[in-house]
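K.L.:
upload-v6.pdb is the file, holding PDB, C-alpha atoms:
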ATOM      1  CA  MET A   1       0.000   0.000   0.000
ATOM      2  CA  PRO A   2       1.393   3.415  -0.925
ATOM      3  CA  ARG A   3       2.943   5.339   1.935
ATOM      4  CA  MET A   4       2.257   8.659   0.228
ATOM      5  CA  ALA A   5      -0.917   9.335  -1.701
ATOM      6  CA  PRO A   6      -0.529   9.943  -5.440
ATOM      7  CA  LEU A   7      -2.313  13.053  -6.650
ATOM      8  CA  GLU A   8      -5.145  12.812  -9.150
ATOM      9  CA  PRO A   9      -4.301  14.835 -12.268
ATOM     10  CA  GLU A  10      -7.979  15.723 -12.807
ATOM     11  CA  THR A  11      -8.517  17.252  -9.354
ATOM     12  CA  THR A  12      -5.098  18.763  -8.634
ATOM     13  CA  GLN A  13      -4.567  22.493  -9.140
ATOM     14  CA  GLY A  14      -1.594  24.791  -9.695
ATOM     15  CA  PRO A  15       1.959  23.785 -10.624
ATOM     16  CA  ALA A  16       1.399  20.102  -9.815
ATOM     17  CA  ARG A  17      -1.479  19.945 -12.278
ATOM     18  CA  ASP A  18       0.532  21.755 -14.970
ATOM     19  CA  LEU A  19       3.416  19.315 -14.566
ATOM     20  CA  MET A  20       1.154  16.284 -14.664
ATOM     21  CA  GLU A  21      -0.585  17.633 -17.772
ATOM     22  CA  SER A  22       2.794  17.876 -19.523
ATOM     23  CA  VAL A  23       3.566  14.266 -18.535
ATOM     24  CA  GLN A  24       0.121  13.187 -19.782
ATOM     25  CA  GLN A  25       0.756  14.846 -23.147
ATOM     26  CA  LYS A  26       4.181  13.240 -23.512
ATOM     27  CA  MET A  27       3.431   9.751 -22.184
ATOM     28  CA  GLY A  28      -0.313   9.384 -22.617
ATOM     29  CA  ARG A  29      -0.677   8.859 -18.854
ATOM     30  CA  VAL A  30       0.844   9.958 -15.554
ATOM     31  CA  PRO A  31       2.635   7.058 -13.835
ATOM     32  CA  ASN A  32       2.097   6.662 -10.106
ATOM     33  CA  MET A  33       5.682   7.628  -9.276
ATOM     34  CA  MET A  34       5.170  11.027 -10.911
ATOM     35  CA  ARG A  35       1.706  11.426  -9.394
ATOM     36  CA  THR A  36       3.354  10.868  -6.018
ATOM     37  CA  MET A  37       6.218  13.246  -6.772
ATOM     38  CA  ALA A  38       3.582  15.877  -7.600
ATOM     39  CA  ASN A  39       2.911  16.207  -3.864
ATOM     40  CA  ALA A  40       5.977  18.462  -4.035
ATOM     41  CA  PRO A  41       5.873  20.152  -7.460
ATOM     42  CA  ALA A  42       9.534  21.144  -7.121
ATOM     43  CA  VAL A  43      10.438  17.445  -6.870
ATOM     44  CA  LEU A  44       8.467  16.445  -9.964
ATOM     45  CA  ASP A  45       9.777  19.458 -11.872
ATOM     46  CA  ALA A  46      13.378  18.633 -10.907
ATOM     47  CA  TYR A  47      12.934  14.998 -11.906
ATOM     48  CA  LEU A  48      11.416  15.919 -15.273
ATOM     49  CA  ALA A  49      14.127  18.488 -15.974
ATOM     50  CA  PHE A  50      17.006  16.178 -14.995
ATOM     51  CA  SER A  51      15.691  13.167 -16.886
ATOM     52  CA  GLY A  52      14.744  15.319 -19.882
ATOM     53  CA  LYS A  53      18.217  16.813 -20.152
ATOM     54  CA  LEU A  54      19.873  13.395 -19.840
ATOM     55  CA  ASP A  55      17.579  11.979 -22.542
ATOM     56  CA  ARG A  56      19.248  14.465 -24.905
ATOM     57  CA  GLY A  57      22.736  13.448 -23.818
ATOM     58  CA  HIS A  58      25.394  11.360 -25.538
ATOM     59  CA  LEU A  59      24.403   7.893 -24.289
ATOM     60  CA  PRO A  60      21.914   5.974 -26.450
ATOM     61  CA  ALA A  61      18.518   4.995 -25.022
ATOM     62  CA  ARG A  62      19.451   1.315 -24.799
ATOM     63  CA  LEU A  63      22.505   2.023 -22.613
ATOM     64  CA  ARG A  64      20.516   4.455 -20.472
ATOM     65  CA  GLN A  65      17.961   1.728 -19.795
ATOM     66  CA  GLN A  66      20.659  -0.837 -19.083
ATOM     67  CA  ILE A  67      22.157   1.515 -16.497
ATOM     68  CA  ALA A  68      18.711   2.142 -14.968
ATOM     69  CA  LEU A  69      18.124  -1.605 -14.685
ATOM     70  CA  ALA A  70      21.531  -2.214 -13.076
ATOM     71  CA  VAL A  71      20.962   0.573 -10.552
ATOM     72  CA  GLY A  72      17.359  -0.467  -9.861
ATOM     73  CA  GLN A  73      18.447  -4.028  -9.176
ATOM     74  CA  ALA A  74      21.309  -2.883  -6.939
ATOM     75  CA  ASN A  75      18.773  -0.925  -4.879
ATOM     76  CA  ASP A  76      16.000  -3.555  -5.123
ATOM     77  CA  CYS A  77      13.478  -0.999  -6.416
ATOM     78  CA  GLN A  78      10.619  -3.053  -7.822
ATOM     79  CA  TYR A  79       8.813  -0.002  -9.216
ATOM     80  CA  CYS A  80      11.863   1.100 -11.213
ATOM     81  CA  LEU A  81      12.606  -2.446 -12.358
ATOM     82  CA  ALA A  82       9.057  -2.731 -13.685
ATOM     83  CA  ALA A  83       9.140   0.673 -15.381
ATOM     84  CA  HIS A  84      12.593   0.279 -16.903
ATOM     85  CA  SER A  85      11.980  -3.310 -18.028
ATOM     86  CA  THR A  86       8.967  -2.008 -19.938
ATOM     87  CA  ILE A  87      10.874   0.937 -21.393
ATOM     88  CA  ALA A  88      13.867  -1.294 -22.211
ATOM     89  CA  LYS A  89      11.643  -3.527 -24.324
ATOM     90  CA  SER A  90      10.336  -0.468 -26.167
ATOM     91  CA  VAL A  91      13.892   0.564 -27.118
ATOM     92  CA  GLY A  92      14.755  -2.902 -28.396
ATOM     93  CA  LEU A  93      16.350  -4.762 -25.494
ATOM     94  CA  THR A  94      15.568  -8.468 -25.311
ATOM     95  CA  SER A  95      14.510 -10.306 -22.156
ATOM     96  CA  ASP A  96      18.041 -11.724 -21.900
ATOM     97  CA  GLN A  97      19.579  -8.259 -22.225
ATOM     98  CA  ILE A  98      17.225  -6.935 -19.553
ATOM     99  CA  ARG A  99      18.163  -9.797 -17.205
ATOM    100  CA  ASP A 100      21.875  -9.290 -17.885
ATOM    101  CA  SER A 101      21.563  -5.553 -17.254
ATOM    102  CA  ARG A 102      19.868  -6.205 -13.923
ATOM    103  CA  LEU A 103      22.792  -8.468 -13.057
ATOM    104  CA  GLY A 104      25.209  -5.665 -13.976
ATOM    105  CA  THR A 105      26.542  -7.205 -17.192
ATOM    106  CA  ALA A 106      26.031  -7.328 -20.947
ATOM    107  CA  ILE A 107      27.142  -9.608 -23.774
ATOM    108  CA  ASP A 108      28.433  -6.649 -25.787
ATOM    109  CA  PRO A 109      31.910  -5.926 -24.322
ATOM    110  CA  LYS A 110      31.586  -2.148 -24.629
ATOM    111  CA  ALA A 111      28.151  -2.045 -22.952
ATOM    112  CA  ASP A 112      29.364  -4.537 -20.348
ATOM    113  CA  THR A 113      32.203  -2.226 -19.339
ATOM    114  CA  LEU A 114      29.869   0.744 -18.948
ATOM    115  CA  ILE A 115      27.202  -1.178 -17.023
ATOM    116  CA  ARG A 116      29.798  -2.682 -14.692
ATOM    117  CA  PHE A 117      31.162   0.811 -14.110
ATOM    118  CA  ALA A 118      27.690   2.175 -13.331
ATOM    119  CA  ARG A 119      27.082  -0.665 -10.887
ATOM    120  CA  LYS A 120      30.464   0.029  -9.256
ATOM    121  CA  VAL A 121      29.547   3.705  -8.850
ATOM    122  CA  VAL A 122      26.474   2.526  -6.919
ATOM    123  CA  THR A 123      28.120  -0.151  -4.785
ATOM    124  CA  ASP A 124      31.234   1.913  -4.041
ATOM    125  CA  ARG A 125      29.187   5.090  -3.532
ATOM    126  CA  GLY A 126      31.182   6.934  -6.172
ATOM    127  CA  LYS A 127      34.599   5.991  -4.793
ATOM    128  CA  VAL A 128      35.770   4.226  -7.941
ATOM    129  CA  ALA A 129      39.433   3.498  -8.595
ATOM    130  CA  ASP A 130      41.607   4.966 -11.327
ATOM    131  CA  ALA A 131      41.625   1.488 -12.878
ATOM    132  CA  ASP A 132      37.822   1.639 -13.203
ATOM    133  CA  LEU A 133      38.022   4.872 -15.171
ATOM    134  CA  LYS A 134      40.859   3.489 -17.273
ATOM    135  CA  ALA A 135      38.748   0.426 -18.161
ATOM    136  CA  VAL A 136      35.867   2.646 -19.311
ATOM    137  CA  ARG A 137      38.195   4.796 -21.412
ATOM    138  CA  SER A 138      39.908   1.706 -22.853
ATOM    139  CA  ALA A 139      36.485   0.446 -23.956
ATOM    140  CA  GLY A 140      36.170   3.576 -26.107
ATOM    141  CA  PHE A 141      34.201   5.906 -23.866
ATOM    142  CA  ASP A 142      35.200   9.509 -23.278
ATOM    143  CA  ASP A 143      34.819  11.817 -20.303
ATOM    144  CA  GLU A 144      31.399  12.964 -21.552
ATOM    145  CA  ALA A 145      30.131   9.387 -21.345
ATOM    146  CA  ILE A 146      31.653   8.917 -17.883
ATOM    147  CA  ALA A 147      29.997  12.121 -16.648
ATOM    148  CA  GLU A 148      26.647  11.008 -18.073
ATOM    149  CA  VAL A 149      26.934   7.594 -16.423
ATOM    150  CA  VAL A 150      27.431   9.278 -13.058
ATOM    151  CA  ALA A 151      24.425  11.515 -13.740
ATOM    152  CA  HIS A 152      22.255   8.540 -14.741
ATOM    153  CA  VAL A 153      23.301   6.663 -11.628
ATOM    154  CA  ALA A 154      22.383   9.692  -9.493
ATOM    155  CA  LEU A 155      19.020  10.128 -11.226
ATOM    156  CA  ASN A 156      18.188   6.457 -10.801
ATOM    157  CA  ILE A 157      19.259   6.389  -7.167
ATOM    158  CA  PHE A 158      16.926   9.345  -6.625
ATOM    159  CA  THR A 159      13.952   7.564  -8.202
ATOM    160  CA  ASN A 160      14.837   4.274  -6.495
ATOM    161  CA  TYR A 161      14.968   5.896  -3.069
ATOM    162  CA  PHE A 162      11.858   7.974  -3.728
ATOM    163  CA  ASN A 163       9.942   4.830  -4.636
ATOM    164  CA  LEU A 164      11.331   2.815  -1.748
ATOM    165  CA  VAL A 165      10.252   5.543   0.690
ATOM    166  CA  THR A 166       6.820   6.262  -0.811
ATOM    167  CA  ASP A 167       5.963   2.772  -2.156
ATOM    168  CA  PRO A 168       3.718   3.802  -5.067
ATOM    169  CA  GLU A 169       1.497   1.146  -6.591
ATOM    170  CA  ILE A 170       3.388  -0.434  -9.496
ATOM    171  CA  ASP A 171       1.518   0.537 -12.647
ATOM    172  CA  PHE A 172       3.800  -1.189 -15.159
ATOM    173  CA  PRO A 173       4.044  -4.927 -15.823
ATOM    174  CA  ARG A 174       6.157  -6.368 -13.028
ATOM    175  CA  ALA A 175       9.758  -7.236 -13.849
ATOM    176  CA  GLU A 176      10.397 -10.919 -14.344
ATOM    177  CA  PRO A 177      12.062 -12.599 -11.356
ATOM    178  CA  LEU A 178      15.763 -13.284 -11.782
ATOM    179  CA  ALA A 179      16.446 -16.987 -12.134
TER     180      ALA A 179
END
Would you put the structure from the file into structure tokens?
P.N.:
Amino acid sequence: MPRMAPLEPETTQGPARDLMESVQQKMGRVPNMMRTMANAPAVLDAYLAFSGKLDRGHLPARLRQQIALAVGQANDCQYCLAAHSTIAKSVGLTSDQIRDSRLGTAIDPKADTLIRFARKVVTDRGKVADADLKAVRSAGFDDEAIAEVVAHVALNIFTNYFNLVTDPEIDFPRAEPLA
């Protein structure tokens, strides 16, 4: 049961309503996480701005979703795992690639290096070694990609923690259990 009530887009007024209307126009609905964030319009606005800017970054959608899945699994956020599994399928990831991402790996060596790095940023709370950065650079990624990985990790930790605290009803198909 949710620990914070999601707002109803139809009955909410002011900035929260405006933000939810923009989400509705973009997505065709307002997911429960965002309806819950709307309790503090500054929080929903910050989330939308941060995620929107990162969507226009250097990393392709598939890698962004793989990072989100790795971070969501590391933090055991069932809401984010459900949402990002659904989104990952829509950007072309297979069930095996989704599972691998949740486990912090990938078959593609370049993606594997980046996902492992993202997972290490989470588990080591940002205190990665020089060798970790060298591995990412050796895989062909530049400092822009490294900076974006850190930003994606931070964004996903934010949504993971928000969902773990507020426990919104999962309104995406649940993520498949890991075997």
K.L.:
Find the residues around Leu81 (chain A) up to 9 Å (all atoms listed in the file counted), leave out those fewer than 2 positions away in its own chain, and share them as a PyMOL selection string.
P.N.:
chain A and resi 68-70+72-73+76-79+83-86+102+174-176
K.L.:
Apply the PyMOL selection byres ((chain A and resi 58) around 12) to the displayed file and report the matching residues as a PyMOL selection string.
P.N.:
chain A and resi 53-57+59-64+141-149+151-152
K.L.:
Mind giving me the straight-line distance from CA of Val121 (chain A) to CA of Leu103 (chain A) in Å, one decimal?
P.N.:
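Atom-to-atom, CA of Val121 (chain A) to CA of Leu103 (chain A), that is 14.5 Å.
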K.L.:
Rounded to one decimal place, report the CA of Thr113 (chain A)-CA of Val136 (chain A) distance in Å.
P.N.:
6.1 Å
K.L.:
Which value, in Å to one decimal, gives the distance between CA of Leu48 (chain A) and CA of Val165 (chain A)?
P.N.:
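Interatomic distance here is 19.1 Å.
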K.L.:
Between A:Pro109, A:Pro31, A:Pro2, A:Gly104, which one has atoms that come closest to Gly140 (chain A), using all atoms listed in the file?
P.N.:
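Once distances to Gly140 (chain A) are computed over all atoms listed in the file, the minimum belongs to A:Pro109.
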K.L.:
Determine the nearest neighbour of Met34 (chain A) from the options A:Pro9, A:Gly126, A:Gly92, A:Pro177, counting only C-alpha atoms.
P.N.:
A:Pro9
K.L.:
Select, from A:Asn163, A:Thr123, A:Ser138, A:Ser90, the residue with the minimum atom-to-atom distance to Lys110 (chain A), counting only C-alpha atoms.
P.N.:
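Ranking A:Asn163, A:Thr123, A:Ser138, A:Ser90 by distance to Lys110 (chain A), first place goes to A:Ser138.
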K.L.:
Region 43-45 of chain A: which residues within 8 Å, counting only C-alpha atoms, same-chain residues fewer than 3 positions away excluded, as a ChimeraX atom specification?
P.N.:
/A:16,19,34,37-38,40,48-49
K.L.:
Find the residue from A:Leu178, A:Leu7, A:Ala74, A:Ala129 that sits nearest to Tyr161 (chain A); use all atoms listed in the file when measuring.
P.N.:
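For Tyr161 (chain A), the nearest of the candidates is A:Ala74.
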K.L.:
So that I can check the surroundings of Asn75 (chain A), please list as a ChimeraX atom specification every protein, DNA and RNA residue that reaches within 9 Å of it, counting all atoms listed in the file and ignoring chain neighbours fewer than 6 positions away.
P.N.:
/A:122,157,160-161,164
